[in-house]
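Okay, structure first, notes after.
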Protein chains: 4
Amino acid sequence: MFVADRAGVARELLVACLAEIHSLAAEHRGARMPGYTHLQRAQPVSLGHHLLAWFWMLRRDVDRFDAAAAAAGAMPLGSGALAGLNWEIDRLAVAAELGFDRVVENSIDAVSNRDFALDYLSAAALCATHLSRIGAEIVLWSTSEFGFCRPAEEFSSGSSIMPQKMNPDAAELLRAKAPRVVATLTTLTGVMHGLPLAYSKDLQEDKEPLFDAAETIELCLQALGGMLPGIRFDHERMAAAAGDEMAAATDVADLLVRRGLPFREAHGVVGSLVRHALDEGIDLSAIPPDALAGFSDLLDEEYYEVLGETSWLDSKVSRGGTSAAAVATQLDLAAASLAELG
Amino acid sequence: MFVADRAGVARELLVACLAEIHSLAAEHRGARMPGYTHLQRAQPVSLGHHLLAWFWMLRRDVDRFDAAAAAAGAMPLGSGALAGLNWEIDRLAVAAELGFDRVVENSIDAVSNRDFALDYLSAAALCATHLSRIGAEIVLWSTSEFGFCRPAEEFSSGSSIMPQKMNPDAAELLRAKAPRVVATLTTLTGVMHGLPLAYSKDLQEDKEPLFDAAETIELCLQALGGMLPGIRFDHERMAAAAGDEMAAATDVADLLVRRGLPFREAHGVVGSLVRHALDEGIDLSAIPPDALAGFSDLLDEEYYEVLGETSWLDSKVSRGGTSAAAVATQLDLAAASLAELG
Amino acid sequence: MFVADRAGVARELLVACLAEIHSLAAEHRGARMPGYTHLQRAQPVSLGHHLLAWFWMLRRDVDRFDAAAAAAGAMPLGSGALAGLNWEIDRLAVAAELGFDRVVENSIDAVSNRDFALDYLSAAALCATHLSRIGAEIVLWSTSEFGFCRPAEEFSSGSSIMPQKMNPDAAELLRAKAPRVVATLTTLTGVMHGLPLAYSKDLQEDKEPLFDAAETIELCLQALGGMLPGIRFDHERMAAAAGDEMAAATDVADLLVRRGLPFREAHGVVGSLVRHALDEGIDLSAIPPDALAGFSDLLDEEYYEVLGETSWLDSKVSRGGTSAAAVATQLDLAAASLAELG
Amino acid sequence: MFVADRAGVARELLVACLAEIHSLAAEHRGARMPGYTHLQRAQPVSLGHHLLAWFWMLRRDVDRFDAAAAAAGAMPLGSGALAGLNWEIDRLAVAAELGFDRVVENSIDAVSNRDFALDYLSAAALCATHLSRIGAEIVLWSTSEFGFCRPAEEFSSGSSIMPQKMNPDAAELLRAKAPRVVATLTTLTGVMHGLPLAYSKDLQEDKEPLFDAAETIELCLQALGGMLPGIRFDHERMAAAAGDEMAAATDVADLLVRRGLPFREAHGVVGSLVRHALDEGIDLSAIPPDALAGFSDLLDEEYYEVLGETSWLDSKVSRGGTSAAAVATQLDLAAASLAELG
């Protein structure tokens, strides 16, 4: 029952986080920021789009906690010491009364099994790992160097001496707690390892990992849910970081491919353009029209359109992409998914 | 796709194991053995009943692999480097063609996420842990001291010099491999820990844990499925071990409770009977009728019936218990569950 | 300082356990029991010899805790927030006063490093794993089936109803706690994973794993130290289990090898002898002298000597072996090693 | 022998890394960069000083591998199947010949023990965790946002299309591989958990974790050693990031404390100064002398000296601090430590 209850609590906290993330994503759908690969700026994306990546990540955790709660719905009671009871008893009726939806069908299994705990711990371990990624991003974005956001004061700590400094406490907590939650899972798989049936005292070692994981994951979810509304994003810094024209280089290649150049050759042309711009110390868009032909016959006015700042995001029109229309669709899908969760 | 495929393979192997276990359980439903708590003989149970505890344990693993396969049904393709594609594409149609049932709805999530791998690894880790318990039991039962079973030769190793010795190789393998599979899960949760979105080279570290877990769990399931049909159980040794009258002590207490004695007092009476028998060096059933009254007025002829060897098992009549009727019901439920799995 | 102190506590408890084990080993040096491979009886050994295997296992743990204490001897104090202090201070003198033997030579390292904790946790993880093996053996030996020992009452739990049943609580605890201690280590390596220097709030996550590991390992060592003096070994049961003549089969092969038969052929001859004995349902020593020649010309009277029960152990004369003389030497070495520990 | 050999290989690779780090630290001792707490700029430090923090971190790993090699110096050979050999043999002589420095003194321990592997795996796990911190820092420093360094081309990957982009492959590898190495340790502690003595097939599961850990840690150390010489640090970007006057706020507080103001009050005064500067949008040094008295009578000309850029580092004069003199001393200590390693 503990598992079903606490899986329910985690679910509620997750749904609250999802609602906050959705609301933030809607609010910041129009803000541009760099999308990163290898922590290098790769392509500009909408901040709303990025936040929705968090949404779907945590959305899957809801399913895991739901599955853990469902798996914990089998009542072990009525199994005696291990062999069953000496009298007939309507275990199904007892189960229904106690809020279980079925019974464990084997009395030995009933006293030997800790899958209900393991399922919860697996869900918690993955959820905590997800939260650690969000926490790490907020820590990173809060640095002076990135300067993308600033956590709310009540989820940070400053110092009497450096009031300008704001340590992202809650975000660090999200990052720091995941290994502990994963360790509760490995503790219990370790305890179960090679343990003969039916009951051994070792099985009591399910309690502390379970309590610890529940407390920790709930603390983390509360920290995230509490922290999100107060985060202040610096759209200007983000847009400046996203404004590096080099990030549009792939779009120029796409233009060439659309015009019939093989993929590999298109990449070669763009590589030459980029090197030229770097050598000259100019932007890609500052290469004059008459010089373009020296790189490829297929380049014309559209080259400059592609490099136009506003066009980068809007060019990503595929389902799930970062164009305004695709993000709008995605926000709707996320809202519908949230609504389903009740 | 790898995950869905290999989850399917694990499922198939699990179903084969379940069928073998069911068949063994049906065959040995009438054999008595001791049920253990703390590895001390506690109450006699049917061997079939015990084997069915293995059945339900592995039955839950099927659900986990199914959930992993379902979770892996979202196609990430069509997400570009991270921001989506520059052209419209019917991702749903592509997904359908490739055997996915939906698409990842966010291009950043699509390149950052490794949940499909983590879900598989969680399922594999729990399954391997279950198998280690079965393996440990077979190792134990194969000792000269227990002597409950003897693994088939092709799943054992002997020695040219000691042909009477038969090492339970396959069972040891089941016990030994679980930590490795759990470690593949902690490897990947460790890699994901604190990793900013979207793509980093670190994410390539999902491959080897995944391949290693799949190979290992499949090897273990094949070992179990292969080993089960050839195990020879020694009903005589098991029954002798189960025949310790002391194991019926709880049944005597139950008799007293049924007759109105409070639980605590009933236990006290039985404790006195057991101590008396131990002091006299006699069986409980050898305490003469006229001596019984000295322990409790509520004891009469039924005392001897309760202690009759055949009555121990059959007294456990509750659903999921070890009485012949309850085990028969359970075999039917297990068969139905197996039939559902197709 | 916490680490040095608690490593010292663990050391003291270990030394107490070692002393108990040594004393038990000396007491039971003459008792025979089966040595196991694959949990199958392989060769008879002296119980004292087996207990000394525990001794050396835990003896190595003393070195690990000592190394952890030594590694924790560098004082981090005097490093300021991370860059050092604005005034000169004799850190070496402060260190000496506080009981450190040196200082951390880099202020950034001083605030970033948690190796002192990791070293302690590594030592604790390995020690706990060793204890789990000892615990598992005691659980096994306490079964009705093995019947080799019976834990003292104060480290067991019985039941009011089954006074004859004695659950080996303390031994189960030793087995059950190891995964938890290992998990404290993986928690902290997980926290440190990928954490940029110098200080982050994440580093506060060293406290709870450290406290938990210390408490748990100390509890386990106290349990072992407390349990050992009260264990009652059943020499008769052990000797009976060790008395299986088949265990001397390798000695017969050794005899043949000594007489010039190649190893492989010797094994073949002994395999034939064993099969013959099994087929006839007789002991190896019951094969009559005139039948021996049918197996090998090299077999004579010494064949029966080799099979004489008392000769099995005493034949293992190599250093570290189970012969009385070798065990006596080993007891001396262990006593000397213990004396060194102070 | 494998362990001693590979611990030696790891040691050699570590020593090579240490030499490179020392050389880099000497080269960059004069470069300023921000020191971070909570990934927020806290106090400026010398880049050489920061690199020396890496030095000491890895220096400790040498000791661990040395300890693992030493622990592996006991020869198990000559223990027979588990009980010893039937003939006398000078095991010490054999050990000496084979390169061991002593023998395992108990034949049962000799076949049951895997501590030599566990010691190596512990050393490797901690070393890999250290490397992951270095890797994470290089990834961070290589971002456009930090811009502190640029990895050499041969340890990075670019793209034909974005020649300006340089993914820090080798650094990502360092970060990504640590969980895998930690997992080899938990695999083997898991295998050993609760395993009765003496030999079981489970013990064969030491091979793959050991090989995998050795290969992985050697790969990582080679990657670091190879990558270090080619890293180009951008002193200008670093100095600019370090030049934030706010970082000297603690030094102003130290000045006040030196002049007799209690610590707490000094912090209050500086907090007021910082808030005033922030409100006015000016630097701390731009607060005019006559305004200083409004904050504290104890502030005079030295206030401006303390805020002078060059004075920040040089004020950290304590042993292990970041002043030029302290770093010079530290470089000497590190060189001496390196020389000792041979």
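By order in the structure tokens, chains are A, B, ...; within a chain, residues start at 1; ligands start at 1, following the order shown.
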
Would you kindly report the residues of chain A within 7 Å of chain C, using only C-alpha atoms, as a PyMOL selection string? chain A and resi 169+172-173+176+179-180+183+186-187+190-191+201-202

Identify, on the basis of only C-alpha atoms, every residue whose closest approach to range 49-64 of chain A does not exceed 7 Å; exclude the query and any residue fewer than 4 positions from it along the same chain; express the result as a ChimeraX atom specification. /A:11,14,18,21-22,25,29,45,68,123,127,130,322,327 /B:106,108-109

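Here CA of Val317 in chain A is placed at a distance of 14.9 Å from CA of Arg258 in chain A.
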
Would you pick out the contacts of Ala339 in chain A at 12 Å or less, using only C-alpha atoms, so that residues sharing its chain but fewer than 3 positions from it are not included, and give the list as a PyMOL selection string? chain A and resi 15-16+18-19+22+59+332-336+342

Selection: 7 Å around range 293-298 of chain A, only C-alpha atoms, excl. self and same-chain fewer than 5 positions, as a ChimeraX atom specification: /A:256,259,269

Which of range 124-267 of chain B counts as strand (DSSP E) under DSSP, as a ChimeraX atom specification please? /B:149-150,232-233

Would you write out those residues with all heavy atoms, as a tab-separated table (two decimals), in the first residue's frame?
```tsv
chain	number	residue	atom	x	y	z
B	149	CYS	N	17.46	-32.19	-5.49
B	149	CYS	CA	17.41	-32.36	-6.94
B	149	CYS	C	18.81	-32.55	-7.49
B	149	CYS	O	19.80	-32.39	-6.78
B	149	CYS	CB	16.73	-31.16	-7.62
B	149	CYS	SG	17.73	-29.67	-7.65
B	150	ARG	N	18.86	-32.90	-8.73
B	150	ARG	CA	20.11	-33.13	-9.44
B	150	ARG	C	19.92	-32.57	-10.83
B	150	ARG	O	19.02	-32.98	-11.56
B	150	ARG	CB	20.34	-34.64	-9.50
B	150	ARG	CG	21.75	-35.05	-9.78
B	150	ARG	CD	21.85	-36.59	-9.72
B	150	ARG	NE	23.00	-37.01	-10.48
B	150	ARG	CZ	24.24	-37.03	-10.00
B	150	ARG	NH1	24.48	-36.69	-8.76
B	150	ARG	NH2	25.25	-37.42	-10.77
B	232	ARG	N	16.10	-33.64	-12.06
B	232	ARG	CA	15.45	-34.79	-11.41
B	232	ARG	C	15.25	-34.45	-9.93
B	232	ARG	O	16.22	-34.22	-9.20
B	232	ARG	CB	16.30	-36.04	-11.55
B	232	ARG	CG	16.37	-36.54	-13.00
B	232	ARG	CD	16.79	-38.02	-13.06
B	232	ARG	NE	17.96	-38.26	-12.24
B	232	ARG	CZ	19.23	-38.09	-12.66
B	232	ARG	NH1	19.48	-37.67	-13.88
B	232	ARG	NH2	20.24	-38.34	-11.85
B	233	PHE	N	14.02	-34.42	-9.51
B	233	PHE	CA	13.73	-34.15	-8.10
B	233	PHE	C	13.69	-35.45	-7.33
B	233	PHE	O	13.19	-36.46	-7.82
B	233	PHE	CB	12.39	-33.41	-7.95
B	233	PHE	CG	12.45	-31.99	-8.44
B	233	PHE	CD1	11.95	-31.65	-9.69
B	233	PHE	CD2	13.01	-30.99	-7.65
B	233	PHE	CE1	12.02	-30.34	-10.15
B	233	PHE	CE2	13.07	-29.68	-8.10
B	233	PHE	CZ	12.57	-29.35	-9.35
```

Would you mind listing what lies within 12 Å of Ala70 in chain C as a PDB file with C-alpha atoms, in the first residue's frame, with only C-alpha atoms counted and same-chain residues fewer than 6 positions away left out?
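Result went into out_10.pdb, see below:
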```
ATOM      1  CA  MET C   1      38.568  13.735  10.877  1.00  0.00           C
ATOM      2  CA  VAL C   3      36.901   9.325   8.375  1.00  0.00           C
ATOM      3  CA  ALA C   4      40.079   8.811  10.372  1.00  0.00           C
ATOM      4  CA  ASP C   5      38.048   8.307  13.551  1.00  0.00           C
ATOM      5  CA  ALA C   7      38.239   4.000  10.129  1.00  0.00           C
ATOM      6  CA  GLY C   8      39.862   3.581  13.523  1.00  0.00           C
ATOM      7  CA  ASP C  63      44.776  -2.653   5.689  1.00  0.00           C
ATOM      8  CA  ARG C  64      42.091  -0.923   3.673  1.00  0.00           C
ATOM      9  CA  GLY C  99      45.780  15.584  14.632  1.00  0.00           C
ATOM     10  CA  PHE C 100      46.413  15.700  10.893  1.00  0.00           C
ATOM     11  CA  ASP C 101      49.839  14.685   9.641  1.00  0.00           C
ATOM     12  CA  ARG C 102      50.027  16.954   6.605  1.00  0.00           C
ATOM     13  CA  ASP C 115      38.598  11.128  -1.847  1.00  0.00           C
ATOM     14  CA  PHE C 116      38.887  10.703   1.908  1.00  0.00           C
ATOM     15  CA  ALA C 117      35.206   9.731   1.946  1.00  0.00           C
ATOM     16  CA  ASP C 119      38.459   5.678   0.301  1.00  0.00           C
ATOM     17  CA  TYR C 120      36.525   4.951   3.467  1.00  0.00           C
TER      18      TYR C 120
ATOM     19  CA  ARG D  60      46.244  10.083  -5.258  1.00  0.00           C
ATOM     20  CA  ASP D  63      48.802   5.486  -4.699  1.00  0.00           C
TER      21      ASP D  63
END
```

Just how far from CA of Ala110 in chain A is CA of Leu210 in chain A, in Å to one decimal? 18.1 Å

DSSP helix (DSSP H, G or I) residues within range 54-180 of chain D, listed as a PyMOL selection string: chain D and resi 54-71+91-98+107-112+115-141+153-155+169-180

Neighbouring residues of Leu98 in chain B were defined as those with any atom within 12 Å, considering only C-alpha atoms; residues of the same chain fewer than 3 positions away were excluded. Please report them as a JSON list (two decimals) with all heavy atoms, in the first residue's frame.
```json
[["chain", "number", "residue", "atom", "x", "y", "z"],
["B", 1, "MET", "N", 14.46, 0.34, -32.28],
["B", 1, "MET", "CA", 13.98, -0.93, -32.82],
["B", 1, "MET", "C", 14.67, -2.11, -32.13],
["B", 1, "MET", "O", 14.05, -3.13, -31.88],
["B", 1, "MET", "CB", 14.27, -0.98, -34.33],
["B", 1, "MET", "CG", 13.47, 0.01, -35.11],
["B", 1, "MET", "SD", 11.71, -0.02, -34.71],
["B", 1, "MET", "CE", 11.17, -1.51, -35.53],
["B", 73, "GLY", "N", 8.17, 2.26, -28.76],
["B", 73, "GLY", "CA", 7.41, 2.32, -30.00],
["B", 73, "GLY", "C", 7.31, 3.69, -30.63],
["B", 73, "GLY", "O", 6.62, 3.86, -31.64],
["B", 74, "ALA", "N", 7.98, 4.68, -30.03],
["B", 74, "ALA", "CA", 7.92, 6.04, -30.59],
["B", 74, "ALA", "C", 9.14, 6.30, -31.46],
["B", 74, "ALA", "O", 10.28, 6.18, -31.00],
["B", 74, "ALA", "CB", 7.85, 7.07, -29.47],
["B", 75, "MET", "N", 8.91, 6.66, -32.71],
["B", 75, "MET", "CA", 10.02, 6.86, -33.66],
["B", 75, "MET", "C", 10.71, 8.21, -33.45],
["B", 75, "MET", "O", 10.07, 9.25, -33.49],
["B", 75, "MET", "CB", 9.49, 6.79, -35.09],
["B", 75, "MET", "CG", 10.60, 6.94, -36.14],
["B", 75, "MET", "SD", 9.97, 7.02, -37.84],
["B", 75, "MET", "CE", 9.30, 8.70, -37.84],
["B", 76, "PRO", "N", 12.03, 8.20, -33.21],
["B", 76, "PRO", "CA", 12.75, 9.48, -33.09],
["B", 76, "PRO", "C", 13.11, 10.08, -34.45],
["B", 76, "PRO", "O", 13.31, 11.29, -34.55],
["B", 76, "PRO", "CB", 14.02, 9.09, -32.33],
["B", 76, "PRO", "CG", 14.23, 7.64, -32.62],
["B", 76, "PRO", "CD", 12.88, 7.04, -32.89],
["B", 77, "LEU", "N", 13.17, 9.26, -35.49],
["B", 77, "LEU", "CA", 13.60, 9.74, -36.81],
["B", 77, "LEU", "C", 12.77, 10.92, -37.29],
["B", 77, "LEU", "O", 11.60, 11.04, -36.97],
["B", 77, "LEU", "CB", 13.48, 8.61, -37.83],
["B", 77, "LEU", "CG", 14.29, 7.35, -37.52],
["B", 77, "LEU", "CD1", 14.06, 6.31, -38.62],
["B", 77, "LEU", "CD2", 15.76, 7.68, -37.38],
["B", 91, "ARG", "N", 5.85, 12.06, -40.80],
["B", 91, "ARG", "CA", 6.59, 11.18, -39.89],
["B", 91, "ARG", "C", 5.74, 10.00, -39.43],
["B", 91, "ARG", "O", 6.26, 8.91, -39.20],
["B", 91, "ARG", "CB", 7.09, 11.96, -38.67],
["B", 91, "ARG", "CG", 8.18, 12.99, -39.02],
["B", 91, "ARG", "CD", 8.63, 13.74, -37.77],
["B", 91, "ARG", "NE", 9.34, 12.88, -36.85],
["B", 91, "ARG", "CZ", 9.31, 12.99, -35.51],
["B", 91, "ARG", "NH1", 8.59, 13.95, -34.94],
["B", 91, "ARG", "NH2", 9.98, 12.15, -34.75],
["B", 92, "LEU", "N", 4.42, 10.24, -39.28],
["B", 92, "LEU", "CA", 3.56, 9.14, -38.84],
["B", 92, "LEU", "C", 3.56, 8.01, -39.86],
["B", 92, "LEU", "O", 3.59, 6.82, -39.49],
["B", 92, "LEU", "CB", 2.14, 9.64, -38.59],
["B", 92, "LEU", "CG", 1.97, 10.56, -37.37],
["B", 92, "LEU", "CD1", 0.55, 11.13, -37.31],
["B", 92, "LEU", "CD2", 2.30, 9.80, -36.08],
["B", 93, "ALA", "N", 3.55, 8.39, -41.13],
["B", 93, "ALA", "CA", 3.56, 7.36, -42.18],
["B", 93, "ALA", "C", 4.88, 6.59, -42.17],
["B", 93, "ALA", "O", 4.91, 5.36, -42.27],
["B", 93, "ALA", "CB", 3.33, 8.01, -43.55],
["B", 94, "VAL", "N", 5.98, 7.35, -42.04],
["B", 94, "VAL", "CA", 7.28, 6.69, -41.97],
["B", 94, "VAL", "C", 7.34, 5.73, -40.77],
["B", 94, "VAL", "O", 7.80, 4.60, -40.87],
["B", 94, "VAL", "CB", 8.43, 7.74, -41.86],
["B", 94, "VAL", "CG1", 9.77, 7.04, -41.67],
["B", 94, "VAL", "CG2", 8.44, 8.64, -43.08],
["B", 95, "ALA", "N", 6.84, 6.23, -39.64],
["B", 95, "ALA", "CA", 6.83, 5.41, -38.43],
["B", 95, "ALA", "C", 6.07, 4.11, -38.68],
["B", 95, "ALA", "O", 6.53, 3.02, -38.34],
["B", 95, "ALA", "CB", 6.20, 6.19, -37.27],
["B", 101, "ASP", "N", 4.75, 2.72, -33.63],
["B", 101, "ASP", "CA", 3.32, 3.02, -33.57],
["B", 101, "ASP", "C", 3.02, 4.50, -33.28],
["B", 101, "ASP", "O", 1.86, 4.89, -33.20],
["B", 101, "ASP", "CB", 2.60, 2.10, -32.58],
["B", 101, "ASP", "CG", 3.13, 2.23, -31.17],
["B", 101, "ASP", "OD1", 3.83, 3.22, -30.87],
["B", 101, "ASP", "OD2", 2.86, 1.33, -30.36],
["B", 102, "ARG", "N", 4.07, 5.28, -33.10],
["B", 102, "ARG", "CA", 3.88, 6.72, -32.94],
["B", 102, "ARG", "C", 5.23, 7.40, -33.12],
["B", 102, "ARG", "O", 6.23, 6.71, -33.36],
["B", 102, "ARG", "CB", 3.28, 7.03, -31.56],
["B", 102, "ARG", "CG", 4.16, 6.63, -30.40],
["B", 102, "ARG", "CD", 3.34, 6.58, -29.09],
["B", 102, "ARG", "NE", 4.24, 6.43, -27.96],
["B", 102, "ARG", "CZ", 4.89, 5.30, -27.65],
["B", 102, "ARG", "NH1", 4.75, 4.21, -28.37],
["B", 102, "ARG", "NH2", 5.70, 5.26, -26.61],
["B", 103, "VAL", "N", 5.25, 8.74, -33.01],
["B", 103, "VAL", "CA", 6.52, 9.44, -33.18],
["B", 103, "VAL", "C", 6.87, 10.17, -31.89],
["B", 103, "VAL", "O", 6.00, 10.48, -31.07],
["B", 103, "VAL", "CB", 6.45, 10.47, -34.33],
["B", 103, "VAL", "CG1", 6.15, 9.77, -35.64],
["B", 103, "VAL", "CG2", 5.43, 11.56, -34.04]]
```

Glu137 in chain C: which residues within 8 Å, counting only C-alpha atoms, same-chain residues fewer than 6 positions away excluded, as a list in words? Gly194, Leu195, Pro196 and Leu197 of chain D

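Distance-wise, CA of Leu278 in chain C and CA of Gly260 in chain C end up 26.6 Å apart.
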